[in-house]
Structure formats: structure tokens, C-alpha cells
Amino acid sequence: MKVTFMNGLTGCAGKYDGVVYYYDRTMNRVYARKKVYPALSQQHEQVGTISSRIYGLKPSRDYQLDLGYYLLEYNALHENRDKPIRSWSSLYLRLMYNMARSLPGIDLRTLTREMIFAQELPCRSVRTAVVSGLLPEVPGWERLDREM
């Protein structure tokens, strides 16, 4: 739920009486939600394992910068205005999960850098991800060819 404040208070974040408030600087909004601690399940463990493996690949700084540039162009598109991606790491996760969905036989729990380059997987660069359809086209995507 969106929150509005009286008396000009704009940048509030924190917890109070079972409610969590947080400020989204990209949308310039404050949100509130009920504080709930999720019941941990097997699915949480799988997601944690996959996330650890994906970030354990340690993408290069240049690759991260390309993802950041792509992110700016993606969020600037009119159709993505209401559903922006917040960070390069969120985009990176989306890219990897899209790749695992589109290419049968790719298991994110066992993925290594050597496998990525030996099998020439489309996550090597942002450009190859766009060409293979894992990410939508944005202005300037052709220049984003720095590898992982």
C-alpha cells in the first residue's frame, strides 16, 4: 500500500507496530506492508543454493556495468515504467533464470564459468542474451558485448 505523510515527512523507513515502511527512491514513493516472517520450506533452500551458485560465478565489473546500462534503458521504456527492475543483480538473476527455462539441460545448481564459455551459453554477455531472446531489446543493446 502507498503511504502518504502529513507535515511534509517524505523519507521514512523502518518498522513500527507490525508494519514495515520503506522508501523507493526510483519511484519516489513510500510503501507499507505487514511484517511477516515466512515459514521456511524446501523451496527456500533451493533458491538459496541457486542464488549462491549464480553469484559465485563472480561476473566481471565490465559485465556488471553493461547490465547497469541495460537496466537504465530498460526502465526508461514506457511499457516498463510501472514495473522497473531495481538493480543489476536483479537483472542478472532474471537473465539466468530465463536461460535455465529456455535451454533444457541447464541446471543452475551446477553451472560454472567453464560451462558457460565451453557451451557458449547466451549469458556470456548482455548482447548475446538479447540476441537469443532472454532479454528484450532496448536502445543501444548492440554495444553491450563485454563478457562475464
# chains A, B, ... in the order shown; residues from 1 in each chain; ligands from 1

call {"tool": "closest_atom_pairs", "arguments": {"of": "range 37-146 of chain A", "to": "range 18-27 of chain A", "cutoff": "12 Å", "atoms": "only C-alpha atoms", "output": "JSON lines"}}
result
{"residue": "A:Tyr37", "atom": "CA", "partner": "A:Gly18", "partner_atom": "CA", "distance": 10.8}
{"residue": "A:Leu72", "atom": "CA", "partner": "A:Thr26", "partner_atom": "CA", "distance": 11.1}
{"residue": "A:Asn75", "atom": "CA", "partner": "A:Thr26", "partner_atom": "CA", "distance": 9.9}
{"residue": "A:Ala76", "atom": "CA", "partner": "A:Thr26", "partner_atom": "CA", "distance": 11.4}
{"residue": "A:Arg81", "atom": "CA", "partner": "A:Met27", "partner_atom": "CA", "distance": 9.2}
{"residue": "A:Asp82", "atom": "CA", "partner": "A:Met27", "partner_atom": "CA", "distance": 8.8}
{"residue": "A:Lys83", "atom": "CA", "partner": "A:Met27", "partner_atom": "CA", "distance": 10.0}
{"residue": "A:Pro84", "atom": "CA", "partner": "A:Thr26", "partner_atom": "CA", "distance": 8.7}
{"residue": "A:Ile85", "atom": "CA", "partner": "A:Thr26", "partner_atom": "CA", "distance": 9.9}
{"residue": "A:Arg86", "atom": "CA", "partner": "A:Thr26", "partner_atom": "CA", "distance": 8.0}
{"residue": "A:Ser87", "atom": "CA", "partner": "A:Thr26", "partner_atom": "CA", "distance": 10.6}

call {"tool": "residues_around", "arguments": {"residues": "Lys58 in chain A", "least_positions_apart": "2", "cutoff": "12 Å", "atoms": "only C-alpha atoms", "output": "tab-separated table (two decimals) with C-alpha atoms, in the first residue's frame"}}
result
chain	number	residue	atom	x	y	z
A	51	SER	CA	21.49	-17.84	-5.85
A	52	SER	CA	24.77	-18.75	-4.17
A	53	ARG	CA	25.90	-20.61	-7.29
A	54	ILE	CA	24.87	-17.80	-9.66
A	55	TYR	CA	26.61	-15.07	-7.65
A	56	GLY	CA	29.55	-17.42	-7.09
A	60	SER	CA	33.29	-9.13	-14.15
A	61	ARG	CA	32.96	-5.44	-13.34
A	62	ASP	CA	32.55	-4.65	-17.05
A	63	TYR	CA	29.70	-7.16	-17.30
A	64	GLN	CA	28.05	-5.54	-14.28
A	89	SER	CA	21.83	-8.07	-9.62
A	92	TYR	CA	21.34	-10.83	-13.59
A	112	THR	CA	30.23	-22.97	-13.72
A	113	ARG	CA	32.12	-20.31	-15.68
A	147	GLU	CA	31.80	-10.86	-21.38
A	148	MET	CA	31.21	-12.31	-17.98

call {"tool": "select_by_dssp", "arguments": {"residues": "chain A", "states": "alpha helix (DSSP H)", "output": "PyMOL selection string"}}
result
chain A and resi 42-56+61-76+88-102+113-118+126-131

call {"tool": "closest_residue", "arguments": {"among": "A:Tyr31, A:Tyr97, A:Trp88, A:Tyr70", "to": "Val126 in chain A", "atoms": "only C-alpha atoms"}}
result
A:Tyr70

call {"tool": "closest_residue", "arguments": {"among": "A:Cys123, A:Tyr69, A:Phe117, A:His78", "to": "Met96 in chain A", "atoms": "only C-alpha atoms"}}
result
A:Cys123

call {"tool": "closest_residue", "arguments": {"among": "A:Val47, A:Leu135, A:Val30, A:Val36", "to": "Arg94 in chain A", "atoms": "only C-alpha atoms"}}
result
A:Leu135

call {"tool": "residues_around", "arguments": {"residues": "Leu108 in chain A", "least_positions_apart": "2", "cutoff": "6 Å", "atoms": "only C-alpha atoms", "output": "list in words"}}
result
Ile50, Thr110 and Leu111 of chain A

call {"tool": "decode", "arguments": {"residues": "range 60-91 of chain A", "atoms": "N, CA and C atoms", "output": "tab-separated table (two decimals), in the first residue's frame"}}
result
chain	number	residue	atom	x	y	z
A	60	SER	N	32.28	-10.20	-14.14
A	60	SER	CA	33.29	-9.13	-14.15
A	60	SER	C	32.64	-7.76	-13.94
A	61	ARG	N	33.45	-6.81	-13.56
A	61	ARG	CA	32.96	-5.44	-13.34
A	61	ARG	C	32.40	-4.85	-14.64
A	62	ASP	N	33.04	-5.14	-15.76
A	62	ASP	CA	32.55	-4.65	-17.05
A	62	ASP	C	31.17	-5.23	-17.38
A	63	TYR	N	30.99	-6.50	-17.09
A	63	TYR	CA	29.70	-7.16	-17.30
A	63	TYR	C	28.62	-6.50	-16.42
A	64	GLN	N	28.97	-6.21	-15.18
A	64	GLN	CA	28.05	-5.54	-14.28
A	64	GLN	C	27.69	-4.15	-14.79
A	65	LEU	N	28.66	-3.44	-15.35
A	65	LEU	CA	28.39	-2.11	-15.91
A	65	LEU	C	27.47	-2.21	-17.13
A	66	ASP	N	27.66	-3.23	-17.96
A	66	ASP	CA	26.76	-3.44	-19.10
A	66	ASP	C	25.34	-3.74	-18.61
A	67	LEU	N	25.22	-4.55	-17.58
A	67	LEU	CA	23.90	-4.82	-17.01
A	67	LEU	C	23.28	-3.54	-16.46
A	68	GLY	N	24.09	-2.70	-15.83
A	68	GLY	CA	23.61	-1.43	-15.31
A	68	GLY	C	23.12	-0.50	-16.40
A	69	TYR	N	23.87	-0.43	-17.52
A	69	TYR	CA	23.45	0.40	-18.64
A	69	TYR	C	22.15	-0.15	-19.24
A	70	TYR	N	22.09	-1.46	-19.41
A	70	TYR	CA	20.88	-2.09	-19.94
A	70	TYR	C	19.69	-1.77	-19.03
A	71	LEU	N	19.92	-1.83	-17.74
A	71	LEU	CA	18.88	-1.57	-16.76
A	71	LEU	C	18.31	-0.16	-16.90
A	72	LEU	N	19.17	0.83	-17.08
A	72	LEU	CA	18.72	2.20	-17.26
A	72	LEU	C	17.84	2.33	-18.50
A	73	GLU	N	18.27	1.73	-19.58
A	73	GLU	CA	17.49	1.79	-20.83
A	73	GLU	C	16.18	1.00	-20.71
A	74	TYR	N	16.23	-0.13	-20.03
A	74	TYR	CA	15.03	-0.95	-19.83
A	74	TYR	C	13.98	-0.18	-19.02
A	75	ASN	N	14.41	0.42	-17.92
A	75	ASN	CA	13.48	1.16	-17.07
A	75	ASN	C	12.97	2.43	-17.73
A	76	ALA	N	13.69	2.96	-18.72
A	76	ALA	CA	13.27	4.17	-19.42
A	76	ALA	C	12.18	3.89	-20.45
A	77	LEU	N	12.00	2.63	-20.84
A	77	LEU	CA	10.95	2.29	-21.80
A	77	LEU	C	9.58	2.52	-21.17
A	78	HIS	N	8.68	3.07	-21.96
A	78	HIS	CA	7.34	3.41	-21.47
A	78	HIS	C	6.60	2.21	-20.88
A	79	GLU	N	6.70	1.06	-21.55
A	79	GLU	CA	5.96	-0.11	-21.08
A	79	GLU	C	6.51	-0.69	-19.78
A	80	ASN	N	7.71	-0.30	-19.37
A	80	ASN	CA	8.31	-0.82	-18.13
A	80	ASN	C	8.26	0.19	-16.99
A	81	ARG	N	7.57	1.29	-17.19
A	81	ARG	CA	7.54	2.36	-16.20
A	81	ARG	C	6.97	1.90	-14.85
A	82	ASP	N	5.95	1.06	-14.89
A	82	ASP	CA	5.31	0.63	-13.65
A	82	ASP	C	5.91	-0.63	-13.04
A	83	LYS	N	6.83	-1.28	-13.75
A	83	LYS	CA	7.46	-2.49	-13.22
A	83	LYS	C	8.97	-2.45	-13.46
A	84	PRO	N	9.64	-1.45	-12.87
A	84	PRO	CA	11.08	-1.34	-13.09
A	84	PRO	C	11.85	-2.45	-12.38
A	85	ILE	N	13.03	-2.73	-12.91
A	85	ILE	CA	13.96	-3.64	-12.24
A	85	ILE	C	14.87	-2.74	-11.41
A	86	ARG	N	15.10	-3.10	-10.18
A	86	ARG	CA	15.77	-2.20	-9.23
A	86	ARG	C	17.30	-2.16	-9.32
A	87	SER	N	17.93	-3.28	-9.67
A	87	SER	CA	19.40	-3.31	-9.63
A	87	SER	C	19.94	-4.28	-10.68
A	88	TRP	N	21.25	-4.15	-10.95
A	88	TRP	CA	21.88	-5.05	-11.92
A	88	TRP	C	21.80	-6.49	-11.45
A	89	SER	N	21.85	-6.70	-10.13
A	89	SER	CA	21.83	-8.07	-9.62
A	89	SER	C	20.47	-8.72	-9.84
A	90	SER	N	19.39	-7.95	-9.75
A	90	SER	CA	18.06	-8.49	-10.04
A	90	SER	C	17.95	-8.85	-11.52
A	91	LEU	N	18.51	-8.00	-12.36
A	91	LEU	CA	18.51	-8.28	-13.80
A	91	LEU	C	19.34	-9.52	-14.10
